[in-house]
file data_2.pdb (PDB, C-alpha atoms, pLDDT in the B column)
ATOM      1  CA  ALA A   1     -31.486 -42.749 -12.701  1.00 85.00           C
ATOM      2  CA  GLN A   2     -34.392 -40.361 -12.677  1.00 91.00           C
ATOM      3  CA  THR A   3     -35.530 -38.654  -9.504  1.00 96.00           C
ATOM      4  CA  VAL A   4     -38.291 -36.253  -8.547  1.00 98.00           C
ATOM      5  CA  THR A   5     -38.103 -34.192  -5.373  1.00 98.00           C
ATOM      6  CA  GLN A   6     -40.920 -32.362  -3.651  1.00 98.00           C
ATOM      7  CA  SER A   7     -39.471 -30.485  -0.711  1.00 96.00           C
ATOM      8  CA  GLN A   8     -42.749 -29.354   0.866  1.00 97.00           C
ATOM      9  CA  PRO A   9     -44.429 -32.206   2.762  1.00 96.00           C
ATOM     10  CA  GLU A  10     -47.415 -30.051   3.717  1.00 97.00           C
ATOM     11  CA  MET A  11     -48.841 -26.689   2.797  1.00 97.00           C
ATOM     12  CA  SER A  12     -51.957 -24.758   3.615  1.00 97.00           C
ATOM     13  CA  VAL A  13     -53.694 -21.849   1.930  1.00 98.00           C
ATOM     14  CA  GLN A  14     -56.770 -19.751   2.544  1.00 98.00           C
ATOM     15  CA  GLU A  15     -59.688 -20.153   0.193  1.00 98.00           C
ATOM     16  CA  ALA A  16     -59.457 -17.823  -2.834  1.00 97.00           C
ATOM     17  CA  GLU A  17     -55.720 -17.254  -2.372  1.00 98.00           C
ATOM     18  CA  THR A  18     -52.829 -18.479  -4.499  1.00 98.00           C
ATOM     19  CA  VAL A  19     -50.375 -21.202  -3.593  1.00 98.00           C
ATOM     20  CA  THR A  20     -47.290 -22.607  -5.312  1.00 98.00           C
ATOM     21  CA  LEU A  21     -46.065 -26.170  -4.928  1.00 98.00           C
ATOM     22  CA  SER A  22     -42.426 -26.898  -5.724  1.00 98.00           C
ATOM     23  CA  CYS A  23     -40.881 -29.755  -7.649  1.00 98.00           C
ATOM     24  CA  THR A  24     -37.395 -30.436  -8.927  1.00 98.00           C
ATOM     25  CA  TYR A  25     -36.326 -33.384 -11.021  1.00 98.00           C
ATOM     26  CA  ASP A  26     -33.228 -34.962 -12.418  1.00 97.00           C
ATOM     27  CA  THR A  27     -32.746 -36.814 -15.678  1.00 94.00           C
ATOM     28  CA  SER A  28     -30.105 -36.968 -18.353  1.00 92.00           C
ATOM     29  CA  GLU A  29     -32.708 -37.601 -21.044  1.00 89.00           C
ATOM     30  CA  ASN A  30     -33.976 -34.893 -23.367  1.00 87.00           C
ATOM     31  CA  ASN A  31     -37.314 -36.377 -24.345  1.00 86.00           C
ATOM     32  CA  TYR A  32     -39.619 -36.333 -21.351  1.00 90.00           C
ATOM     33  CA  TYR A  33     -42.851 -35.030 -19.933  1.00 91.00           C
ATOM     34  CA  LEU A  34     -43.752 -33.626 -16.546  1.00 94.00           C
ATOM     35  CA  PHE A  35     -47.046 -33.950 -14.767  1.00 94.00           C
ATOM     36  CA  TRP A  36     -48.883 -32.855 -11.681  1.00 97.00           C
ATOM     37  CA  TYR A  37     -51.372 -35.349 -10.295  1.00 96.00           C
ATOM     38  CA  LYS A  38     -53.873 -34.751  -7.523  1.00 97.00           C
ATOM     39  CA  GLN A  39     -54.936 -37.473  -5.089  1.00 96.00           C
ATOM     40  CA  PRO A  40     -57.917 -36.490  -2.916  1.00 94.00           C
ATOM     41  CA  PRO A  41     -59.015 -38.601   0.071  1.00 89.00           C
ATOM     42  CA  SER A  42     -60.901 -40.844  -2.343  1.00 87.00           C
ATOM     43  CA  ARG A  43     -57.429 -42.011  -3.533  1.00 88.00           C
ATOM     44  CA  GLN A  44     -58.318 -41.428  -7.187  1.00 88.00           C
ATOM     45  CA  MET A  45     -55.265 -40.021  -8.947  1.00 93.00           C
ATOM     46  CA  ILE A  46     -56.351 -37.208 -11.230  1.00 94.00           C
ATOM     47  CA  LEU A  47     -54.183 -35.525 -13.829  1.00 93.00           C
ATOM     48  CA  VAL A  48     -54.019 -31.794 -13.145  1.00 96.00           C
ATOM     49  CA  ILE A  49     -51.617 -30.583 -15.800  1.00 94.00           C
ATOM     50  CA  ARG A  50     -48.888 -31.801 -18.151  1.00 92.00           C
ATOM     51  CA  GLN A  51     -45.849 -30.181 -19.717  1.00 92.00           C
ATOM     52  CA  GLU A  52     -43.799 -31.362 -22.667  1.00 89.00           C
ATOM     53  CA  ALA A  53     -40.094 -30.769 -22.075  1.00 89.00           C
ATOM     54  CA  TYR A  54     -39.553 -29.528 -25.629  1.00 88.00           C
ATOM     55  CA  LYS A  55     -42.102 -26.757 -25.192  1.00 87.00           C
ATOM     56  CA  GLN A  56     -40.877 -23.522 -23.681  1.00 86.00           C
ATOM     57  CA  GLN A  57     -44.341 -22.179 -23.042  1.00 91.00           C
ATOM     58  CA  ASN A  58     -45.672 -22.964 -19.598  1.00 94.00           C
ATOM     59  CA  ALA A  59     -48.823 -25.082 -19.512  1.00 93.00           C
ATOM     60  CA  THR A  60     -52.038 -23.728 -18.031  1.00 93.00           C
ATOM     61  CA  GLU A  61     -55.335 -25.372 -17.218  1.00 93.00           C
ATOM     62  CA  ASN A  62     -57.921 -22.973 -15.845  1.00 95.00           C
ATOM     63  CA  ARG A  63     -56.765 -22.078 -12.301  1.00 97.00           C
ATOM     64  CA  PHE A  64     -53.677 -24.277 -12.571  1.00 98.00           C
ATOM     65  CA  SER A  65     -50.442 -23.211 -14.192  1.00 97.00           C
ATOM     66  CA  VAL A  66     -46.836 -24.323 -14.095  1.00 97.00           C
ATOM     67  CA  ASN A  67     -43.498 -22.589 -14.043  1.00 97.00           C
ATOM     68  CA  PHE A  68     -41.201 -24.857 -16.026  1.00 96.00           C
ATOM     69  CA  GLN A  69     -37.516 -23.987 -15.784  1.00 96.00           C
ATOM     70  CA  LYS A  70     -35.767 -26.625 -17.885  1.00 95.00           C
ATOM     71  CA  ALA A  71     -32.203 -25.554 -17.177  1.00 94.00           C
ATOM     72  CA  ALA A  72     -32.847 -25.549 -13.447  1.00 96.00           C
ATOM     73  CA  LYS A  73     -34.916 -28.750 -13.720  1.00 96.00           C
ATOM     74  CA  SER A  74     -37.691 -27.114 -11.798  1.00 97.00           C
ATOM     75  CA  PHE A  75     -41.420 -27.617 -12.322  1.00 97.00           C
ATOM     76  CA  SER A  76     -43.661 -25.763  -9.874  1.00 98.00           C
ATOM     77  CA  LEU A  77     -47.460 -25.730  -9.790  1.00 98.00           C
ATOM     78  CA  LYS A  78     -49.408 -22.576  -9.092  1.00 98.00           C
ATOM     79  CA  ILE A  79     -53.015 -22.836  -7.988  1.00 98.00           C
ATOM     80  CA  SER A  80     -54.955 -19.598  -8.211  1.00 98.00           C
ATOM     81  CA  ASP A  81     -58.240 -18.821  -6.450  1.00 98.00           C
ATOM     82  CA  SER A  82     -57.856 -21.917  -4.265  1.00 98.00           C
ATOM     83  CA  GLN A  83     -61.028 -23.839  -3.544  1.00 97.00           C
ATOM     84  CA  LEU A  84     -61.916 -26.263  -0.764  1.00 97.00           C
ATOM     85  CA  GLY A  85     -62.065 -29.023  -3.364  1.00 96.00           C
ATOM     86  CA  ASP A  86     -58.385 -28.501  -4.087  1.00 97.00           C
ATOM     87  CA  THR A  87     -57.540 -30.101  -0.746  1.00 97.00           C
ATOM     88  CA  ALA A  88     -55.542 -33.196  -1.688  1.00 97.00           C
ATOM     89  CA  MET A  89     -52.113 -34.738  -2.002  1.00 97.00           C
ATOM     90  CA  TYR A  90     -50.302 -33.398  -5.053  1.00 98.00           C
ATOM     91  CA  PHE A  91     -47.681 -35.444  -6.841  1.00 98.00           C
ATOM     92  CA  CYS A  92     -45.143 -34.249  -9.340  1.00 98.00           C
ATOM     93  CA  ALA A  93     -44.211 -36.934 -11.886  1.00 96.00           C
ATOM     94  CA  LEU A  94     -41.651 -37.425 -14.625  1.00 94.00           C
ATOM     95  CA  GLY A  95     -42.214 -39.584 -17.675  1.00 91.00           C
ATOM     96  CA  LEU A  96     -39.472 -40.509 -20.115  1.00 86.00           C
ATOM     97  CA  VAL A  97     -40.599 -41.319 -23.626  1.00 80.00           C
ATOM     98  CA  GLU A  98     -37.932 -44.005 -23.874  1.00 78.00           C
ATOM     99  CA  TYR A  99     -39.495 -45.864 -20.964  1.00 78.00           C
ATOM    100  CA  GLY A 100     -43.014 -46.084 -22.304  1.00 80.00           C
ATOM    101  CA  ASN A 101     -45.666 -45.006 -19.857  1.00 85.00           C
ATOM    102  CA  LYS A 102     -43.585 -45.426 -16.705  1.00 90.00           C
ATOM    103  CA  LEU A 103     -43.859 -42.496 -14.311  1.00 92.00           C
ATOM    104  CA  VAL A 104     -41.426 -41.524 -11.571  1.00 95.00           C
ATOM    105  CA  PHE A 105     -43.219 -39.748  -8.746  1.00 97.00           C
ATOM    106  CA  GLY A 106     -42.136 -37.326  -6.070  1.00 97.00           C
ATOM    107  CA  ALA A 107     -43.042 -37.931  -2.425  1.00 97.00           C
ATOM    108  CA  GLY A 108     -46.046 -35.638  -2.641  1.00 97.00           C
ATOM    109  CA  THR A 109     -47.244 -32.446  -0.970  1.00 98.00           C
ATOM    110  CA  ILE A 110     -50.372 -32.398   1.152  1.00 97.00           C
ATOM    111  CA  LEU A 111     -52.304 -29.229   0.392  1.00 98.00           C
ATOM    112  CA  ARG A 112     -55.020 -28.052   2.763  1.00 98.00           C
ATOM    113  CA  VAL A 113     -57.344 -25.272   1.686  1.00 98.00           C
ATOM    114  CA  LYS A 114     -58.898 -23.480   4.649  1.00 97.00           C
ATOM    115  CA  SER A 115     -62.174 -21.582   4.692  1.00 95.00           C
TER     116      SER A 115
ATOM    117  CA  LYS B   1     -66.921 -43.812 -21.065  1.00 64.00           C
ATOM    118  CA  ALA B   2     -66.110 -46.055 -18.099  1.00 76.00           C
ATOM    119  CA  GLY B   3     -62.918 -45.366 -16.202  1.00 91.00           C
ATOM    120  CA  VAL B   4     -60.259 -47.724 -14.966  1.00 95.00           C
ATOM    121  CA  THR B   5     -61.723 -50.431 -12.766  1.00 96.00           C
ATOM    122  CA  GLN B   6     -59.720 -52.210 -10.132  1.00 97.00           C
ATOM    123  CA  THR B   7     -60.980 -55.160  -8.167  1.00 97.00           C
ATOM    124  CA  PRO B   8     -61.209 -55.871  -5.384  1.00 97.00           C
ATOM    125  CA  ARG B   9     -61.116 -52.499  -3.614  1.00 96.00           C
ATOM    126  CA  TYR B  10     -60.008 -53.983  -0.312  1.00 97.00           C
ATOM    127  CA  LEU B  11     -58.225 -57.187   0.548  1.00 97.00           C
ATOM    128  CA  ILE B  12     -56.868 -58.728   3.729  1.00 98.00           C
ATOM    129  CA  LYS B  13     -54.407 -61.582   3.399  1.00 98.00           C
ATOM    130  CA  THR B  14     -52.199 -63.562   5.735  1.00 98.00           C
ATOM    131  CA  ARG B  15     -48.431 -63.541   5.509  1.00 98.00           C
ATOM    132  CA  GLY B  16     -47.236 -66.300   3.186  1.00 98.00           C
ATOM    133  CA  GLN B  17     -50.372 -66.351   1.049  1.00 98.00           C
ATOM    134  CA  GLN B  18     -50.583 -65.143  -2.512  1.00 98.00           C
ATOM    135  CA  VAL B  19     -52.923 -62.573  -4.006  1.00 98.00           C
ATOM    136  CA  THR B  20     -54.173 -61.566  -7.453  1.00 98.00           C
ATOM    137  CA  LEU B  21     -55.372 -58.072  -8.256  1.00 98.00           C
ATOM    138  CA  SER B  22     -57.275 -57.154 -11.379  1.00 98.00           C
ATOM    139  CA  CYS B  23     -57.366 -54.045 -13.543  1.00 98.00           C
ATOM    140  CA  SER B  24     -59.689 -53.301 -16.442  1.00 98.00           C
ATOM    141  CA  PRO B  25     -58.412 -50.346 -18.462  1.00 95.00           C
ATOM    142  CA  ILE B  26     -60.452 -47.742 -20.266  1.00 93.00           C
ATOM    143  CA  SER B  27     -62.000 -49.172 -23.406  1.00 92.00           C
ATOM    144  CA  GLY B  28     -59.526 -48.877 -26.284  1.00 89.00           C
ATOM    145  CA  HIS B  29     -56.502 -48.404 -24.044  1.00 90.00           C
ATOM    146  CA  ARG B  30     -53.777 -50.962 -24.593  1.00 91.00           C
ATOM    147  CA  SER B  31     -51.219 -50.059 -21.968  1.00 92.00           C
ATOM    148  CA  VAL B  32     -51.576 -50.904 -18.291  1.00 95.00           C
ATOM    149  CA  SER B  33     -49.084 -49.903 -15.614  1.00 95.00           C
ATOM    150  CA  TRP B  34     -49.038 -50.898 -11.965  1.00 98.00           C
ATOM    151  CA  TYR B  35     -47.798 -48.877  -8.989  1.00 98.00           C
ATOM    152  CA  GLN B  36     -47.376 -49.575  -5.303  1.00 98.00           C
ATOM    153  CA  GLN B  37     -48.138 -46.732  -2.908  1.00 97.00           C
ATOM    154  CA  THR B  38     -46.968 -46.846   0.713  1.00 96.00           C
ATOM    155  CA  PRO B  39     -46.489 -44.090   3.309  1.00 92.00           C
ATOM    156  CA  GLY B  40     -42.787 -44.855   3.561  1.00 89.00           C
ATOM    157  CA  GLN B  41     -41.784 -45.424  -0.071  1.00 92.00           C
ATOM    158  CA  GLY B  42     -44.390 -43.337  -1.838  1.00 93.00           C
ATOM    159  CA  LEU B  43     -45.471 -44.304  -5.344  1.00 96.00           C
ATOM    160  CA  GLN B  44     -43.248 -46.862  -6.994  1.00 97.00           C
ATOM    161  CA  PHE B  45     -43.547 -48.300 -10.476  1.00 96.00           C
ATOM    162  CA  LEU B  46     -44.010 -52.051 -10.642  1.00 97.00           C
ATOM    163  CA  PHE B  47     -44.392 -52.844 -14.334  1.00 95.00           C
ATOM    164  CA  GLU B  48     -46.094 -51.879 -17.576  1.00 94.00           C
ATOM    165  CA  TYR B  49     -47.847 -54.136 -20.049  1.00 94.00           C
ATOM    166  CA  PHE B  50     -48.675 -53.322 -23.631  1.00 92.00           C
ATOM    167  CA  SER B  51     -50.305 -55.742 -26.080  1.00 90.00           C
ATOM    168  CA  GLU B  52     -49.838 -58.618 -23.636  1.00 94.00           C
ATOM    169  CA  THR B  53     -46.085 -57.980 -23.325  1.00 93.00           C
ATOM    170  CA  GLN B  54     -44.217 -56.564 -20.370  1.00 94.00           C
ATOM    171  CA  ARG B  55     -42.524 -53.387 -21.576  1.00 90.00           C
ATOM    172  CA  ASN B  56     -40.946 -52.058 -18.419  1.00 89.00           C
ATOM    173  CA  LYS B  57     -40.251 -53.386 -14.974  1.00 93.00           C
ATOM    174  CA  GLY B  58     -39.478 -51.648 -11.693  1.00 94.00           C
ATOM    175  CA  ASN B  59     -37.166 -52.780  -8.919  1.00 94.00           C
ATOM    176  CA  PHE B  60     -39.355 -55.280  -7.162  1.00 97.00           C
ATOM    177  CA  PRO B  61     -38.581 -58.896  -6.252  1.00 97.00           C
ATOM    178  CA  GLY B  62     -39.739 -61.745  -8.434  1.00 96.00           C
ATOM    179  CA  ARG B  63     -42.640 -62.374  -6.059  1.00 98.00           C
ATOM    180  CA  PHE B  64     -44.379 -59.586  -7.937  1.00 98.00           C
ATOM    181  CA  SER B  65     -45.581 -60.608 -11.364  1.00 97.00           C
ATOM    182  CA  GLY B  66     -48.216 -59.610 -13.840  1.00 97.00           C
ATOM    183  CA  ARG B  67     -49.837 -60.390 -17.104  1.00 97.00           C
ATOM    184  CA  GLN B  68     -52.119 -58.833 -19.650  1.00 98.00           C
ATOM    185  CA  PHE B  69     -54.862 -60.507 -21.600  1.00 97.00           C
ATOM    186  CA  SER B  70     -55.918 -59.999 -25.198  1.00 96.00           C
ATOM    187  CA  ASN B  71     -58.730 -57.659 -24.084  1.00 94.00           C
ATOM    188  CA  SER B  72     -56.077 -55.492 -22.321  1.00 95.00           C
ATOM    189  CA  ARG B  73     -57.266 -56.413 -18.853  1.00 97.00           C
ATOM    190  CA  SER B  74     -54.343 -56.963 -16.541  1.00 98.00           C
ATOM    191  CA  GLU B  75     -53.677 -58.886 -13.373  1.00 98.00           C
ATOM    192  CA  MET B  76     -50.852 -58.627 -10.925  1.00 98.00           C
ATOM    193  CA  ASN B  77     -49.891 -61.386  -8.564  1.00 98.00           C
ATOM    194  CA  VAL B  78     -47.906 -61.268  -5.367  1.00 98.00           C
ATOM    195  CA  SER B  79     -46.731 -64.589  -3.988  1.00 96.00           C
ATOM    196  CA  THR B  80     -45.515 -65.390  -0.493  1.00 97.00           C
ATOM    197  CA  LEU B  81     -46.911 -62.186   0.945  1.00 98.00           C
ATOM    198  CA  GLU B  82     -44.883 -60.228   3.471  1.00 98.00           C
ATOM    199  CA  LEU B  83     -46.088 -57.620   5.951  1.00 97.00           C
ATOM    200  CA  GLY B  84     -44.258 -54.988   3.930  1.00 97.00           C
ATOM    201  CA  ASP B  85     -46.448 -55.701   0.908  1.00 98.00           C
ATOM    202  CA  SER B  86     -49.314 -53.923   2.631  1.00 98.00           C
ATOM    203  CA  ALA B  87     -50.038 -51.010   0.347  1.00 98.00           C
ATOM    204  CA  LEU B  88     -52.393 -49.328  -2.060  1.00 97.00           C
ATOM    205  CA  TYR B  89     -51.877 -50.841  -5.507  1.00 98.00           C
ATOM    206  CA  LEU B  90     -52.783 -48.509  -8.337  1.00 97.00           C
ATOM    207  CA  CYS B  91     -53.338 -49.381 -11.949  1.00 97.00           C
ATOM    208  CA  ALA B  92     -52.958 -46.822 -14.734  1.00 95.00           C
ATOM    209  CA  SER B  93     -54.374 -47.112 -18.220  1.00 93.00           C
ATOM    210  CA  SER B  94     -52.895 -45.405 -21.291  1.00 89.00           C
ATOM    211  CA  LEU B  95     -53.970 -45.325 -24.886  1.00 85.00           C
ATOM    212  CA  ASP B  96     -50.834 -46.804 -26.406  1.00 75.00           C
ATOM    213  CA  SER B  97     -47.105 -47.127 -26.070  1.00 62.00           C
ATOM    214  CA  ARG B  98     -46.089 -43.701 -27.240  1.00 67.00           C
ATOM    215  CA  GLY B  99     -45.092 -42.703 -23.795  1.00 61.00           C
ATOM    216  CA  HIS B 100     -47.071 -39.719 -22.564  1.00 62.00           C
ATOM    217  CA  SER B 101     -47.599 -38.172 -25.974  1.00 61.00           C
ATOM    218  CA  GLU B 102     -50.588 -35.929 -26.522  1.00 60.00           C
ATOM    219  CA  GLY B 103     -53.651 -37.885 -25.637  1.00 57.00           C
ATOM    220  CA  GLY B 104     -51.567 -40.624 -24.102  1.00 66.00           C
ATOM    221  CA  GLU B 105     -51.863 -39.569 -20.510  1.00 83.00           C
ATOM    222  CA  ALA B 106     -52.208 -42.162 -17.794  1.00 89.00           C
ATOM    223  CA  PHE B 107     -55.610 -42.544 -16.149  1.00 91.00           C
ATOM    224  CA  PHE B 108     -55.654 -44.184 -12.763  1.00 94.00           C
ATOM    225  CA  GLY B 109     -58.067 -46.505 -11.048  1.00 95.00           C
ATOM    226  CA  GLN B 110     -59.104 -46.076  -7.413  1.00 94.00           C
ATOM    227  CA  GLY B 111     -56.716 -48.760  -6.302  1.00 96.00           C
ATOM    228  CA  THR B 112     -56.792 -51.932  -4.278  1.00 97.00           C
ATOM    229  CA  ARG B 113     -55.931 -51.585  -0.620  1.00 97.00           C
ATOM    230  CA  LEU B 114     -54.027 -54.721   0.395  1.00 98.00           C
ATOM    231  CA  THR B 115     -53.436 -55.448   4.058  1.00 98.00           C
ATOM    232  CA  VAL B 116     -51.145 -58.318   5.015  1.00 98.00           C
ATOM    233  CA  VAL B 117     -51.522 -59.604   8.581  1.00 97.00           C
TER     234      VAL B 117
END
call {"tool": "encode", "arguments": {"input": "data_2.pdb", "output": "structure tokens"}}
result
Amino acid sequence: AQTVTQSQPEMSVQEAETVTLSCTYDTSENNYYLFWYKQPPSRQMILVIRQEAYKQQNATENRFSVNFQKAAKSFSLKISDSQLGDTAMYFCALGLVEYGNKLVFGAGTILRVKS
Amino acid sequence: KAGVTQTPRYLIKTRGQQVTLSCSPISGHRSVSWYQQTPGQGLQFLFEYFSETQRNKGNFPGRFSGRQFSNSRSEMNVSTLELGDSALYLCASSLDSRGHSEGGEAFFGQGTRLTVV
């Protein structure tokens, strides 16, 4: 079975500072992808960043970057220069190629950016 | 390009009734997945449809069913509603069945909030 664990139910950060959200996962498969999704109060799930498991290089998207440690099965998200619009629930998700487009989600971390 | 459209946005049903939710994927996308989101259980995968065929199924009772039409639009049905079925139901649209490959990311709709009373 595949599992995704987010151990931080809530976090807060001052505007313009950096914050890191943690995620660990478990799977015996080798062909998978990892994602961070953002869900603001509007409930719209938005893809923040993706990482292919076969790539060693950590993915980056503007202010968002990941620290992917495959051996440790760890996939953390770093948000730099935090903005008020980053306030949302963040979900870590695991997708196995063998299982089509199915995603296994973590419980989520509520991030509050304070001015 | 229009996003994923879910209808209705809100729904109130009585225990024992049945309900049908609709999802129109992004134009050209052929895969539709459904998820249930609750405060207690989080986001749980219900099923995925691709080219009118169910590809994957989560661990939900048979009261939860779905289908996909030739235009890729999908519906999910819940029969004999229970209070515990109250949730946000999210639909995700993907280009094809390659499973998260480049360009195959899932795009989500805004969800249908179902309340069972």
call {"tool": "residues_around", "arguments": {"input": "data_2.pdb", "residues": "Gln44 (chain A)", "least_positions_apart": "4", "cutoff": "9 Å", "atoms": "only C-alpha atoms", "output": "PyMOL selection string"}}
result
(chain A and resi 38-40) or (chain B and resi 108-111)
call {"tool": "write_last_selection", "arguments": {"input": "data_2.pdb", "atoms": "C-alpha atoms", "output": "mmCIF file, in the frame of the given file"}}
result
data_model
loop_
_atom_site.group_PDB
_atom_site.id
_atom_site.type_symbol
_atom_site.label_atom_id
_atom_site.label_comp_id
_atom_site.auth_asym_id
_atom_site.auth_seq_id
_atom_site.Cartn_x
_atom_site.Cartn_y
_atom_site.Cartn_z
ATOM 1 C CA LYS A 38 -53.873 -34.751 -7.523
ATOM 2 C CA GLN A 39 -54.936 -37.473 -5.089
ATOM 3 C CA PRO A 40 -57.917 -36.490 -2.916
ATOM 4 C CA PHE B 108 -55.654 -44.184 -12.763
ATOM 5 C CA GLY B 109 -58.067 -46.505 -11.048
ATOM 6 C CA GLN B 110 -59.104 -46.076 -7.413
ATOM 7 C CA GLY B 111 -56.716 -48.760 -6.302
#
call {"tool": "atom_distance", "arguments": {"input": "data_2.pdb", "atom1": "CA of Asp96 (chain B)", "atom2": "CA of Phe50 (chain B)"}}
result
7.4 Å
call {"tool": "interface_residues", "arguments": {"input": "data_2.pdb", "of": "chain A", "to": "chain B", "cutoff": "6 Å", "atoms": "only C-alpha atoms", "output": "ChimeraX atom specification"}}
result
/A:43-45,97,100-101,107
call {"tool": "closest_residue", "arguments": {"input": "data_2.pdb", "among": "B:Thr5, B:Asn59, B:Gln37, B:Thr20", "to": "Val78 (chain B)", "atoms": "all atoms listed in the file"}}
result
B:Thr20
call {"tool": "resolve_selection", "arguments": {"input": "data_2.pdb", "expression": "the PyMOL selection byres ((chain A and resi 33) around 6)", "output": "list in words"}}
result
Tyr32, Leu34, Gln51, Glu52, Ala53, Leu94 and Gly95 of chain A
call {"tool": "atom_distance", "arguments": {"input": "data_2.pdb", "atom1": "CA of Tyr54 (chain A)", "atom2": "CA of Gly108 (chain A)"}}
result
24.7 Å
call {"tool": "closest_residue", "arguments": {"input": "data_2.pdb", "among": "A:Asn62, A:Ser74, A:Gln2, A:Ser7", "to": "Thr27 (chain A)", "atoms": "only C-alpha atoms"}}
result
A:Gln2
call {"tool": "residues_around", "arguments": {"input": "data_2.pdb", "residues": "Cys23 (chain B)", "least_positions_apart": "5", "cutoff": "6 Å", "atoms": "only C-alpha atoms", "output": "list in words"}}
result
Thr5, Gln6, Arg73 and Ser74 of chain B
call {"tool": "closest_residue", "arguments": {"input": "data_2.pdb", "among": "A:Asn30, A:Thr109, A:Thr87, A:Thr24", "to": "Ala72 (chain A)", "atoms": "all atoms listed in the file"}}
result
A:Thr24
call {"tool": "build_atoms", "arguments": {"input": "data_2.pdb", "residues": "region 3-8 of chain B", "atoms": "all heavy atoms", "output": "compact mmCIF listing (two decimals), keeping the file's coordinate frame"}}
result
# COMPACT_ATOMS: atom_id res chain seq x y z
N GLY B 3 -64.31 -45.60 -16.57
CA GLY B 3 -62.92 -45.37 -16.20
C GLY B 3 -62.19 -46.67 -15.97
O GLY B 3 -62.64 -47.74 -16.38
N VAL B 4 -61.07 -46.56 -15.30
CA VAL B 4 -60.26 -47.72 -14.97
C VAL B 4 -60.87 -48.40 -13.75
O VAL B 4 -61.14 -47.73 -12.75
CB VAL B 4 -58.80 -47.32 -14.67
CG1 VAL B 4 -57.97 -48.55 -14.35
CG2 VAL B 4 -58.22 -46.54 -15.85
N THR B 5 -61.08 -49.69 -13.85
CA THR B 5 -61.72 -50.43 -12.77
C THR B 5 -60.74 -51.41 -12.15
O THR B 5 -60.16 -52.25 -12.84
CB THR B 5 -62.95 -51.21 -13.29
OG1 THR B 5 -63.86 -50.30 -13.92
CG2 THR B 5 -63.66 -51.92 -12.14
N GLN B 6 -60.59 -51.28 -10.85
CA GLN B 6 -59.72 -52.21 -10.13
C GLN B 6 -60.55 -53.02 -9.14
O GLN B 6 -61.39 -52.46 -8.43
CB GLN B 6 -58.62 -51.45 -9.37
CG GLN B 6 -57.60 -50.83 -10.27
CD GLN B 6 -56.42 -50.27 -9.50
OE1 GLN B 6 -56.20 -49.07 -9.47
NE2 GLN B 6 -55.65 -51.16 -8.86
N THR B 7 -60.29 -54.30 -9.12
CA THR B 7 -60.98 -55.16 -8.17
C THR B 7 -60.00 -56.13 -7.53
O THR B 7 -59.02 -56.53 -8.16
CB THR B 7 -62.09 -55.99 -8.86
OG1 THR B 7 -61.51 -56.72 -9.95
CG2 THR B 7 -63.20 -55.10 -9.37
N PRO B 8 -60.21 -56.48 -6.26
CA PRO B 8 -61.21 -55.87 -5.38
C PRO B 8 -60.71 -54.52 -4.87
O PRO B 8 -59.57 -54.13 -5.11
CB PRO B 8 -61.30 -56.90 -4.25
CG PRO B 8 -59.93 -57.47 -4.17
CD PRO B 8 -59.42 -57.52 -5.59
